[in-house]
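Source file: run-v4.txt. Holds: compact mmCIF, C-alpha atoms.
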# COMPACT_ATOMS: atom_id res chain seq x y z
CA MET C 217 97.99 39.87 63.29
CA SER C 218 95.31 37.72 64.96
CA GLU C 219 91.63 38.65 65.12
CA ARG C 220 91.76 38.23 68.91
CA PHE C 221 94.62 40.72 69.19
CA ILE C 222 92.83 43.27 67.02
CA SER C 223 89.71 42.87 69.14
CA LEU C 224 91.60 43.41 72.37
CA VAL C 225 93.33 46.50 70.96
CA TRP C 226 89.94 47.85 69.91
CA LEU C 227 88.48 47.25 73.38
CA VAL C 228 91.45 48.97 75.04
CA CYS C 229 91.00 51.96 72.74
CA MET C 230 87.33 52.07 73.66
CA CYS C 231 88.23 52.06 77.35
CA VAL C 232 90.78 54.86 76.88
CA SER C 233 88.30 56.89 74.84
CA ALA C 234 85.60 56.49 77.49
CA ALA C 235 88.03 57.48 80.23
CA VAL C 236 89.03 60.61 78.32
CA GLN C 237 85.39 61.56 77.72
CA ALA C 238 84.51 61.07 81.39
CA GLN C 239 86.79 63.93 82.46
CA VAL C 240 86.54 63.16 86.16
CA THR C 241 86.49 66.35 88.21
CA PRO C 242 89.22 66.54 90.90
CA SER C 243 87.83 65.89 94.38
CA SER C 244 89.08 69.25 95.68
CA GLU C 245 87.12 71.06 92.98
CA LEU C 246 84.03 69.00 93.73
CA ASP C 247 84.34 69.69 97.45
CA ALA C 248 84.48 73.42 96.76
CA SER C 249 81.48 73.22 94.44
CA PHE C 250 79.41 71.27 96.96
CA ALA C 251 80.39 73.68 99.73
CA LYS C 252 79.14 76.56 97.60
CA ARG C 253 76.02 74.60 96.73
CA THR C 254 75.26 73.96 100.40
CA GLN C 255 75.86 77.60 101.30
CA VAL C 256 73.50 78.88 98.59
CA LEU C 257 70.66 76.44 99.19
CA GLN C 258 70.74 76.45 102.98
CA SER C 259 70.34 80.21 102.79
CA GLU C 260 67.50 79.91 100.27
CA PHE C 261 65.56 77.36 102.29
CA ARG C 262 65.97 78.72 105.82
CA LYS C 263 62.54 78.56 107.40
CA SER C 264 60.93 81.97 107.78
CA LEU C 265 57.84 84.03 107.10
CA VAL C 266 59.20 86.69 104.74
CA SER C 267 57.42 90.03 104.63
CA VAL C 268 57.80 91.65 101.20
CA SER C 269 55.34 94.49 101.82
CA ASP C 270 52.95 95.65 104.51
CA ASN C 271 50.36 93.06 103.47
CA ILE C 272 52.25 90.20 101.76
CA TRP C 273 54.03 87.35 103.54
CA VAL C 274 55.80 84.39 101.94
CA ALA C 275 56.26 81.13 103.85
CA VAL C 276 59.68 79.82 102.81
CA GLY C 277 61.24 76.58 104.03
CA TYR C 278 58.04 75.17 105.50
CA GLY C 279 57.84 72.42 102.92
CA ALA C 280 58.53 71.41 99.33
CA ALA C 281 57.30 74.75 97.93
CA ASN C 282 56.26 78.22 99.01
CA SER C 283 52.86 79.56 100.01
CA THR C 284 51.97 83.26 100.15
CA LEU C 285 49.43 85.30 102.09
CA ILE C 286 48.09 88.56 100.65
CA GLU C 287 46.01 90.47 103.18
CA GLY C 288 43.19 92.49 101.65
CA ASP C 289 40.67 94.90 103.14
CA THR C 290 38.03 92.28 103.85
CA GLY C 291 39.87 88.99 103.58
CA ALA C 292 43.04 87.15 102.65
CA ILE C 293 44.26 85.61 99.41
CA ILE C 294 46.40 82.48 99.47
CA VAL C 295 48.72 81.80 96.53
CA ASP C 296 49.72 78.10 96.37
CA THR C 297 48.98 75.67 99.18
CA MET C 298 52.03 73.45 99.81
CA TYR C 299 52.50 69.71 99.12
CA GLY C 300 50.34 68.21 101.84
CA VAL C 301 48.11 68.89 104.79
CA GLU C 302 50.84 68.75 107.46
CA ALA C 303 52.98 71.46 105.86
CA ALA C 304 49.88 73.49 105.02
CA GLY C 305 48.83 73.36 108.67
CA HIS C 306 52.18 74.78 109.80
CA VAL C 307 51.95 77.56 107.23
CA LEU C 308 48.37 78.45 108.15
CA THR C 309 49.40 78.70 111.80
CA ALA C 310 52.15 81.14 110.79
CA PHE C 311 49.76 83.15 108.65
CA ARG C 312 47.29 83.38 111.52
CA GLN C 313 49.97 85.14 113.55
CA VAL C 314 49.76 88.12 111.19
CA THR C 315 46.05 88.22 110.26
CA ASP C 316 42.76 86.72 111.37
CA LYS C 317 40.87 87.74 108.23
CA PRO C 318 39.01 84.91 106.50
CA VAL C 319 40.42 83.40 103.31
CA ALA C 320 38.60 85.14 100.48
CA SER C 321 40.22 83.24 97.62
CA ILE C 322 42.93 80.71 96.78
CA ILE C 323 45.04 80.95 93.62
CA ILE C 324 47.09 78.02 92.30
CA THR C 325 50.00 79.03 90.05
CA HIS C 326 50.22 75.62 88.33
CA GLY C 327 49.17 72.02 88.64
CA HIS C 328 52.22 70.43 90.28
CA ALA C 329 51.16 68.68 93.47
CA ASP C 330 53.61 70.58 95.71
CA HIS C 331 51.68 73.76 94.94
CA LYS C 332 48.14 72.49 95.56
CA GLY C 333 48.38 69.53 97.94
CA GLY C 334 47.22 71.41 101.04
CA THR C 335 44.36 73.47 99.59
CA ARG C 336 41.69 71.99 101.86
CA VAL C 337 43.57 73.19 104.96
CA PHE C 338 43.48 76.83 103.85
CA MET C 339 39.76 76.64 103.15
CA GLU C 340 39.24 76.28 106.93
CA GLY C 341 35.92 74.55 106.44
CA GLY C 342 34.58 77.26 104.15
CA SER C 343 34.22 77.47 100.39
CA PRO C 344 36.44 80.29 99.06
CA PRO C 345 36.82 80.44 95.26
CA ILE C 346 39.84 78.48 93.97
CA LEU C 347 41.36 79.88 90.79
CA ALA C 348 43.78 78.15 88.44
CA ARG C 349 44.75 77.92 84.79
CA ARG C 350 42.97 75.08 83.01
CA PRO C 351 45.24 72.06 82.68
CA THR C 352 46.27 71.42 79.11
CA ALA C 353 45.11 68.20 77.50
CA ALA C 354 47.81 65.57 77.12
CA THR C 355 49.39 65.66 73.67
CA LEU C 356 49.01 61.90 73.44
CA ALA C 357 45.52 60.51 73.91
CA ARG C 358 46.73 57.46 75.88
CA TYR C 359 49.36 59.29 77.94
CA GLY C 360 47.61 58.18 81.13
CA GLU C 361 48.58 54.60 80.42
CA LEU C 362 52.15 55.54 81.38
CA ALA C 363 51.17 56.42 84.95
CA SER C 364 52.93 53.39 86.43
CA VAL C 365 56.34 53.92 84.85
CA ARG C 366 56.21 57.68 85.44
CA ARG C 367 55.33 57.10 89.09
CA GLU C 368 58.24 54.68 89.51
CA ARG C 369 60.72 56.96 87.77
CA GLY C 370 59.38 59.91 89.74
CA LYS C 371 60.21 58.11 92.98
CA HIS C 372 63.74 57.62 91.69
CA GLN C 373 64.08 61.26 90.61
CA PHE C 374 62.96 62.60 93.97
CA GLY C 375 64.61 59.86 96.02
CA SER C 376 61.33 59.04 97.75
CA ALA C 377 62.66 55.85 99.35
CA LEU C 378 66.12 57.17 100.22
CA ASN C 379 67.30 57.96 103.72
CA VAL C 380 67.34 61.69 104.37
CA ALA C 381 71.11 61.50 104.89
CA ASP C 382 71.54 60.39 101.25
CA LYS C 383 69.52 63.25 99.78
CA ILE C 384 70.59 66.73 98.75
CA ASP C 385 68.54 69.89 98.32
CA GLY C 386 67.30 70.66 94.82
CA ILE C 387 64.61 73.29 94.71
CA ALA C 388 63.14 72.15 98.00
CA PRO C 389 64.65 71.60 101.46
CA ILE C 390 65.47 67.99 102.38
CA HIS C 391 64.09 68.31 105.90
CA ARG C 392 60.39 69.05 105.50
CA PRO C 393 57.07 67.72 106.78
CA ASN C 394 55.58 65.11 104.47
CA GLY C 395 52.40 64.16 106.29
CA GLY C 396 49.26 63.96 104.20
CA VAL C 397 50.98 64.56 100.89
CA GLN C 398 48.41 65.61 98.27
CA GLU C 399 45.54 64.77 100.64
CA GLY C 400 44.33 68.38 100.59
CA ILE C 401 43.92 68.72 96.84
CA VAL C 402 40.63 70.37 95.84
CA VAL C 403 39.40 70.87 92.29
CA PRO C 404 39.47 74.58 91.32
CA THR C 405 36.09 76.26 91.30
CA ARG C 406 37.03 78.46 88.33
CA TYR C 407 39.55 78.12 85.55
CA VAL C 408 41.09 81.29 84.15
CA GLU C 409 40.53 80.99 80.40
CA ALA C 410 41.71 84.39 79.13
CA GLU C 411 45.34 85.20 78.45
CA ARG C 412 44.95 88.24 80.70
CA GLU C 413 42.28 88.88 83.32
CA VAL C 414 41.97 91.87 85.66
CA LEU C 415 40.05 91.41 88.90
CA SER C 416 39.74 92.59 92.48
CA ILE C 417 39.58 90.22 95.45
CA ALA C 418 38.97 91.49 98.99
CA GLY C 419 40.05 94.96 97.88
CA VAL C 420 43.27 93.73 96.25
CA ASN C 421 43.66 94.62 92.57
CA LEU C 422 45.49 91.98 90.60
CA VAL C 423 46.10 90.73 87.07
CA LEU C 424 46.20 87.05 86.13
CA LEU C 425 48.34 86.23 83.09
CA ALA C 426 48.88 83.01 81.16
CA GLY C 427 52.52 82.08 81.75
CA PRO C 428 53.46 78.75 80.16
CA GLY C 429 56.94 77.67 81.14
CA GLU C 430 57.89 74.79 83.37
CA THR C 431 54.29 73.69 82.84
CA ALA C 432 51.84 74.73 80.16
CA ASP C 433 49.18 75.68 82.74
CA HIS C 434 51.24 78.28 84.60
CA LEU C 435 49.41 81.33 85.88
CA LEU C 436 51.30 84.54 86.66
CA VAL C 437 49.83 86.75 89.40
CA TRP C 438 50.68 90.44 89.07
CA LEU C 439 49.89 93.10 91.66
CA PRO C 440 50.46 96.34 89.68
CA GLU C 441 50.02 98.73 92.61
CA LYS C 442 52.59 96.87 94.70
CA ARG C 443 54.68 95.85 91.65
CA VAL C 444 54.81 92.33 93.04
CA LEU C 445 54.92 89.39 90.64
CA PHE C 446 54.24 85.73 91.41
CA GLY C 447 56.12 83.65 88.87
CA GLY C 448 55.36 80.14 90.07
CA ASP C 449 58.11 77.76 88.95
CA ASN C 450 59.18 79.81 85.95
CA PHE C 451 62.18 80.90 88.03
CA TYR C 452 63.97 79.19 90.90
CA MET C 453 67.50 79.10 92.24
CA SER C 454 68.84 76.53 89.78
CA PHE C 455 69.29 75.86 86.10
CA PRO C 456 65.71 75.10 85.03
CA ASN C 457 64.41 71.58 84.69
CA LEU C 458 63.70 71.79 80.97
CA TYR C 459 63.36 68.01 80.95
CA ALA C 460 62.29 65.81 83.87
CA ILE C 461 63.88 62.36 83.94
CA ARG C 462 60.75 60.96 85.59
CA GLY C 463 59.36 61.03 82.04
CA THR C 464 57.51 63.83 80.28
CA SER C 465 56.49 64.57 76.73
CA TYR C 466 58.27 67.52 75.12
CA SER C 467 57.02 70.96 76.05
CA ASP C 468 57.99 73.93 73.92
CA VAL C 469 60.96 75.57 75.63
CA SER C 470 60.50 78.68 73.49
CA GLN C 471 57.25 79.35 75.39
CA TRP C 472 59.26 79.56 78.63
CA VAL C 473 61.49 82.16 76.99
CA ALA C 474 58.44 84.15 75.85
CA THR C 475 56.91 84.03 79.34
CA LEU C 476 60.15 85.30 80.86
CA ASP C 477 60.04 88.18 78.37
CA THR C 478 56.56 89.00 79.69
CA MET C 479 57.76 88.81 83.28
CA ILE C 480 60.73 91.09 82.56
CA ASP C 481 58.57 93.68 80.79
CA LEU C 482 56.30 94.05 83.83
CA GLY C 483 59.12 95.74 85.72
CA ALA C 484 58.41 94.03 89.03
CA GLU C 485 60.07 95.26 92.20
CA VAL C 486 59.47 91.93 93.95
CA LEU C 487 59.48 88.46 92.41
CA ILE C 488 57.87 85.74 94.52
CA THR C 489 58.94 82.31 93.32
CA GLY C 490 57.38 78.90 93.79
CA HIS C 491 60.52 77.79 95.60
CA THR C 492 63.41 79.62 97.30
CA ARG C 493 63.30 83.16 98.62
CA PRO C 494 61.65 86.22 97.07
CA ILE C 495 63.86 88.49 94.97
CA VAL C 496 63.59 92.11 96.05
CA GLY C 497 64.58 95.18 94.06
CA GLU C 498 63.69 96.04 90.46
CA SER C 499 67.29 95.82 89.28
CA ALA C 500 67.85 92.43 90.89
CA VAL C 501 64.57 91.05 89.53
CA ARG C 502 65.30 92.28 86.02
CA THR C 503 68.88 91.00 86.04
CA MET C 504 68.03 87.54 87.30
CA LEU C 505 65.02 87.07 85.03
CA THR C 506 67.03 88.29 82.04
CA ASP C 507 69.90 85.92 82.81
CA TYR C 508 67.45 83.06 83.21
CA ARG C 509 65.73 83.93 79.96
CA ASN C 510 69.04 84.22 78.10
CA ALA C 511 70.33 80.92 79.49
CA ILE C 512 67.27 78.99 78.31
CA ASP C 513 67.30 80.77 74.96
CA HIS C 514 71.02 80.04 74.50
CA VAL C 515 70.55 76.31 75.10
CA LEU C 516 67.59 76.21 72.72
CA THR C 517 69.35 78.24 70.01
CA ALA C 518 72.66 76.37 70.27
CA THR C 519 70.92 72.99 70.16
CA LEU C 520 68.90 73.85 67.07
CA ALA C 521 71.92 75.40 65.34
CA GLY C 522 74.07 72.34 66.06
CA ALA C 523 71.34 69.97 64.92
CA ASN C 524 71.04 71.98 61.72
CA ARG C 525 74.77 71.36 61.13
CA GLY C 526 74.24 67.63 61.48
CA MET C 527 75.40 67.19 65.08
CA THR C 528 73.90 64.27 67.00
CA PRO C 529 72.19 64.54 70.41
CA GLY C 530 75.24 63.00 72.07
CA GLU C 531 77.61 65.46 70.42
CA LEU C 532 75.39 68.38 71.33
CA ALA C 533 74.95 67.24 74.94
CA ALA C 534 78.74 67.11 75.27
CA SER C 535 79.37 70.50 73.67
CA VAL C 536 76.55 72.96 74.44
CA ARG C 537 77.54 75.10 77.41
CA LEU C 538 76.35 78.38 78.88
CA PRO C 539 78.40 81.42 77.87
CA ALA C 540 80.94 82.67 80.41
CA ASN C 541 78.79 85.63 81.50
CA LEU C 542 76.06 83.20 82.64
CA ALA C 543 77.91 80.04 83.63
CA GLY C 544 79.04 81.37 87.01
CA LYS C 545 75.66 82.67 88.19
CA SER C 546 74.51 80.93 91.37
CA TYR C 547 70.94 80.68 90.09
CA LEU C 548 72.06 78.91 86.90
CA GLN C 549 73.97 76.06 88.50
CA GLU C 550 72.72 72.52 87.87
CA TYR C 551 71.28 72.04 91.34
CA TYR C 552 68.04 70.69 89.86
CA GLY C 553 67.81 70.83 86.06
CA VAL C 554 70.68 69.54 83.91
CA LEU C 555 71.85 71.25 80.75
CA ALA C 556 72.81 68.05 78.87
CA TRP C 557 69.37 66.50 79.50
CA SER C 558 67.76 69.70 78.24
CA VAL C 559 69.78 69.55 75.02
CA ARG C 560 68.73 65.95 74.33
CA SER C 561 65.10 66.76 75.05
CA ILE C 562 65.10 69.74 72.69
CA TYR C 563 66.68 67.68 69.92
CA VAL C 564 64.13 64.88 70.23
CA GLY C 565 61.28 67.37 70.63
CA TYR C 566 62.12 68.99 67.30
CA LEU C 567 63.61 66.13 65.25
CA GLY C 568 62.56 62.90 66.96
CA TRP C 569 64.78 59.96 67.95
CA PHE C 570 66.75 59.57 64.70
CA ASP C 571 70.12 61.34 64.83
CA GLY C 572 70.81 61.23 61.08
CA ASN C 573 73.36 58.40 61.26
CA PRO C 574 72.10 55.55 59.03
CA THR C 575 73.75 53.03 61.37
CA GLN C 576 71.03 53.90 63.86
CA LEU C 577 68.15 53.12 61.52
CA PHE C 578 68.15 49.42 62.43
CA PRO C 579 70.69 48.93 65.26
CA LEU C 580 71.40 45.56 66.80
CA ASN C 581 69.09 44.64 69.64
CA PRO C 582 70.69 44.80 73.12
CA LYS C 583 71.24 41.04 73.34
CA ALA C 584 72.92 40.79 69.93
CA GLU C 585 75.16 43.76 70.73
CA ALA C 586 76.06 42.30 74.12
CA GLU C 587 77.00 38.96 72.56
CA ARG C 588 79.30 40.71 70.09
CA MET C 589 80.90 42.78 72.82
CA VAL C 590 81.63 39.58 74.71
CA ARG C 591 83.28 38.07 71.63
CA LEU C 592 85.39 41.20 71.20
CA ALA C 593 86.53 41.00 74.80
CA GLY C 594 87.19 37.28 74.50
CA SER C 595 84.63 36.03 77.01
CA GLN C 596 82.15 37.21 79.59
CA ASP C 597 84.87 36.89 82.21
CA ASP C 598 87.14 39.18 80.16
CA LEU C 599 84.37 41.76 79.82
CA LEU C 600 83.71 41.53 83.56
CA THR C 601 87.41 42.05 84.24
CA ALA C 602 87.35 45.19 82.10
CA ALA C 603 84.29 46.45 84.02
CA ARG C 604 85.99 45.81 87.37
CA GLU C 605 89.18 47.54 86.24
CA ALA C 606 87.20 50.58 85.07
CA LEU C 607 85.49 50.71 88.46
CA GLN C 608 88.82 50.51 90.29
CA LYS C 609 90.24 53.32 88.13
CA GLY C 610 87.28 55.57 88.85
CA ASP C 611 85.88 55.28 85.32
CA TYR C 612 82.40 54.63 86.67
CA GLN C 613 80.39 55.49 83.57
CA TRP C 614 82.36 53.07 81.40
CA SER C 615 82.05 50.39 84.06
CA CYS C 616 78.25 50.80 84.01
CA GLN C 617 78.12 50.58 80.24
CA LEU C 618 80.18 47.37 80.19
CA LEU C 619 78.10 45.89 82.99
CA ASP C 620 74.91 46.67 81.09
CA HIS C 621 76.05 44.32 78.33
CA LEU C 622 76.64 41.58 80.84
CA LEU C 623 73.33 42.18 82.59
CA VAL C 624 71.50 41.72 79.30
CA LEU C 625 72.98 38.22 79.19
CA GLN C 626 72.79 37.52 82.95
CA SER C 627 69.80 39.54 84.10
CA ASN C 628 69.46 37.64 87.39
CA SER C 629 73.10 37.85 88.45
CA GLY C 630 73.24 39.31 91.94
CA ASP C 631 77.01 39.85 91.65
CA LEU C 632 76.64 41.94 88.49
CA LYS C 633 73.80 43.96 90.02
CA ARG C 634 75.82 44.69 93.14
CA LEU C 635 78.82 45.71 91.03
CA LYS C 636 76.72 48.10 88.97
CA ALA C 637 75.16 49.46 92.18
CA THR C 638 78.67 50.25 93.41
CA ALA C 639 79.41 52.15 90.21
CA LEU C 640 76.10 54.04 90.43
CA ARG C 641 76.78 55.07 94.02
CA ALA C 642 80.18 56.35 92.95
CA LEU C 643 78.61 58.34 90.11
CA ALA C 644 76.10 59.82 92.56
CA THR C 645 78.81 61.37 94.72
CA SER C 646 79.83 63.81 92.00
CA GLN C 647 76.35 64.93 90.97
CA MET C 648 75.37 68.52 91.63
CA SER C 649 71.79 67.89 90.49
CA SER C 650 69.53 66.45 93.16
CA ASN C 651 67.59 64.67 90.43
CA ALA C 652 70.69 62.93 89.09
CA ARG C 653 72.01 61.98 92.51
CA HIS C 654 68.69 60.63 93.72
CA TYR C 655 68.13 58.62 90.53
CA TYR C 656 71.58 57.00 90.79
CA LEU C 657 71.12 56.12 94.46
CA SER C 658 67.54 54.90 94.07
CA SER C 659 68.59 52.71 91.14
CA ALA C 660 71.48 51.33 93.19
CA GLU C 661 69.14 50.42 96.05
CA LYS C 662 66.79 48.66 93.64
CA LEU C 663 69.69 46.61 92.22
CA GLU C 664 70.79 45.63 95.72
CA THR C 665 67.30 44.55 96.78
CA PRO C 666 66.86 40.75 96.41
Rendering of file as structure tokens:
Amino acid sequence: MSERFISLVWLVCMCVSAAVQAQVTPSSELDASFAKRTQVLQSEFRKSLVSVSDNIWVAVGYGAANSTLIEGDTGAIIVDTMYGVEAAGHVLTAFRQVTDKPVASIIITHGHADHKGGTRVFMEGGSPPILARRPTAATLARYGELASVRRERGKHQFGSALNVADKIDGIAPIHRPNGGVQEGIVVPTRYVEAEREVLSIAGVNLVLLAGPGETADHLLVWLPEKRVLFGGDNFYMSFPNLYAIRGTSYSDVSQWVATLDTMIDLGAEVLITGHTRPIVGESAVRTMLTDYRNAIDHVLTATLAGANRGMTPGELAASVRLPANLAGKSYLQEYYGVLAWSVRSIYVGYLGWFDGNPTQLFPLNPKAEAERMVRLAGSQDDLLTAAREALQKGDYQWSCQLLDHLLVLQSNSGDLKRLKATALRALATSQMSSNARHYYLSSAEKLETP
């Protein structure tokens, strides 16, 4: 039996194995899933000023995040200030339809720009106190040196350069004002240092609680007399983004679970989220927060247990799933965060990059591996033929992986770039996560740009 024949058999087996692992979802099933997705999110993001009590209004659908007005006896409190000055202006106009009291204070639930980018607008030329949790210091002293790559990957994740028609809702509506993004950011005048602080602002009694979750600097706002809880981004209508593909260092997922325990124990009758609509009713709030908490805890527990049995990140990402009682919940679908990415992040966060397989201690560099793949296929033309055939058969992931070997050897080939862009666009069509879809499409556009 010739070496060439053995090599070709091996390559065919690899192709078959990849095709089996891909498990392409039937188009009819995808259509139904996307229809449900659209129904859920269009309802969540419909533009409206939602009244949750006689003195609390939440602006939903005005921009990338929510902003809330709490009317006190002598003034108003604003919780979160939108992504930019244009959206903040629209929200302030809506708020001024229900009260003309001056802004007595502004509270920022966490440091993401979509929650503080319009602060200056709500100050209305005055100087109300601005409260926030102190940002945590970066774990790595030179983390700031990664600003360029994180900015570039962030644009891909959010599809910043994509046409609106190519985007899908994640935890923010696609159609939103984007004028003056982040131009209204103002440094907080006071950082809340204590884990729990009780205070009164304009006659409104409230409790500020440390609530690390999606970010370490999260601040929960609890109105005990109204039983209204502001959770920031610790809950939204999607499986949580436990890892952001724009690039982040590992944050302890177990802290998110602990914060959700705190939120559940408060017994809120209204939960105001950083995105999507408020949840009203103690039973509904408790059920949804509990499900969210249990989903995150399940992924964390299952990942650690599998790693302890010697499973690799790839094996875990392919096998960890939500239990049946959680998998069908609308607020746990992968509209934004992705379970498999979360699993990989948890593994690396606890054990680092090494998966325990000694083969991975000193793997071949990409060029050496690509050259050997070419020899196995017979030639670069043979490998290209296999990549084209995979693309034609709908095995888009395998096509991308084969093309990556060729692109290592022919990095300036416009034909190879365009072929991979075609495969990426095809992969994008089946993605429920806005982050995944936008990253595929943005990467495809970059490959197609001369």
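Neighbouring residues of C:Ile346 at 7 Å or closer, counting all atoms listed in the file and skipping chain neighbours under 4 positions away, are Ser321, Ile322, Ile323, Pro404, Thr405 and Arg406 of chain C.
Closest approach to C:Val564 from the set C:Ala348, C:Leu532, C:Leu476, C:Leu415 is made by C:Leu532, with distances taken over all atoms listed in the file.
Using only C-alpha atoms, the shortest contact distance between C:Glu441 and any of C:Ser269, C:Asn651, C:Ala303, C:Leu600 is found at C:Ser269.
Atom CA of C:Gly544 to atom CA of C:Arg502 spans 17.6 Å [interatomic distance, one decimal].
When all atoms listed in the file are used to compute distances to C:Gly291, the closest of the residues C:Val397, C:Leu308, C:Val420, C:Leu265 turns out to be C:Val420.
Proximity ranking of C:Ala377, C:Ala388, C:Ile401, C:Leu520 relative to C:Thr297 places C:Ile401 first, based on all atoms listed in the file.
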Would you be able to write out as a PDB file with C-alpha atoms, keeping the file's coordinate frame which residues have an atom within 7 Å of (62.3, 73.3, 74.7) in the file's coordinates, counting only C-alpha atoms?
ATOM      1  CA  LEU C 458      63.700  71.790  80.970  1.00  0.00           C
ATOM      2  CA  SER C 467      57.020  70.960  76.050  1.00  0.00           C
ATOM      3  CA  ASP C 468      57.990  73.930  73.920  1.00  0.00           C
ATOM      4  CA  VAL C 469      60.960  75.570  75.630  1.00  0.00           C
ATOM      5  CA  SER C 470      60.500  78.680  73.490  1.00  0.00           C
ATOM      6  CA  LEU C 516      67.590  76.210  72.720  1.00  0.00           C
ATOM      7  CA  ILE C 562      65.100  69.740  72.690  1.00  0.00           C
TER       8      ILE C 562
END
Counting all atoms listed in the file, which residues come within 6 Å of (38.0, 89.5, 98.1), with the point read in the file's coordinates, and could you list them as number ranges by chain? C: 291, 320, 417-419
Could the residues in this selection be written to a file with C-alpha atoms, as an mmCIF file, in the coordinates of the input?
data_model
loop_
_atom_site.group_PDB
_atom_site.id
_atom_site.type_symbol
_atom_site.label_atom_id
_atom_site.label_comp_id
_atom_site.auth_asym_id
_atom_site.auth_seq_id
_atom_site.Cartn_x
_atom_site.Cartn_y
_atom_site.Cartn_z
ATOM 1 C CA GLY C 291 39.870 88.990 103.580
ATOM 2 C CA ALA C 320 38.600 85.140 100.480
ATOM 3 C CA ILE C 417 39.580 90.220 95.450
ATOM 4 C CA ALA C 418 38.970 91.490 98.990
ATOM 5 C CA GLY C 419 40.050 94.960 97.880
#
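Computed from the coordinates, the atom CA of C:Tyr508 to atom CA of C:Leu567 distance equals 25.0 Å.
When atom CA of C:Ala660 is paired with atom CA of C:Val590, their separation reads 24.1 Å.
When all atoms listed in the file are used to measure the gap to C:Leu422, the shortest distance among C:Gly288, C:Gly594, C:Pro393, C:Gly630 belongs to C:Gly288.
Remark: for C:Ser627, the closest of the candidate residues C:Val274, C:Leu347, C:Leu663, C:Val473 is C:Leu663 (distances computed over all atoms listed in the file).
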Can you list, as number ranges by chain, every protein, DNA or RNA residue that comes within 6 Å of C:Arg369 when you count all atoms listed in the file, leaving out same-chain residues fewer than 3 positions away? C: 366, 372, 462
Excluding C:Pro428 and any residue of its chain fewer than 2 positions from it, enumerate the residues within 9 Å of it, using only C-alpha atoms, and give them as a ChimeraX atom specification. /C:426,430-436,450,471-472,474-475
Give me the residues near stretch 246-261 of chain C as an MDAnalysis selection string, where near means some atom within 9 Å (using all atoms listed in the file) and where sequence neighbours in that chain fewer than 4 positions away do not count. chainID C and resid 241:242 276:278 384:389 453 491:493 546 549 551 646 648
Which residues are close to C:His654, i.e. within 8 Å by all atoms listed in the file, leaving aside same-chain residues fewer than 5 positions away? Reply as a ChimeraX atom specification. /C:372-375,378,383,644
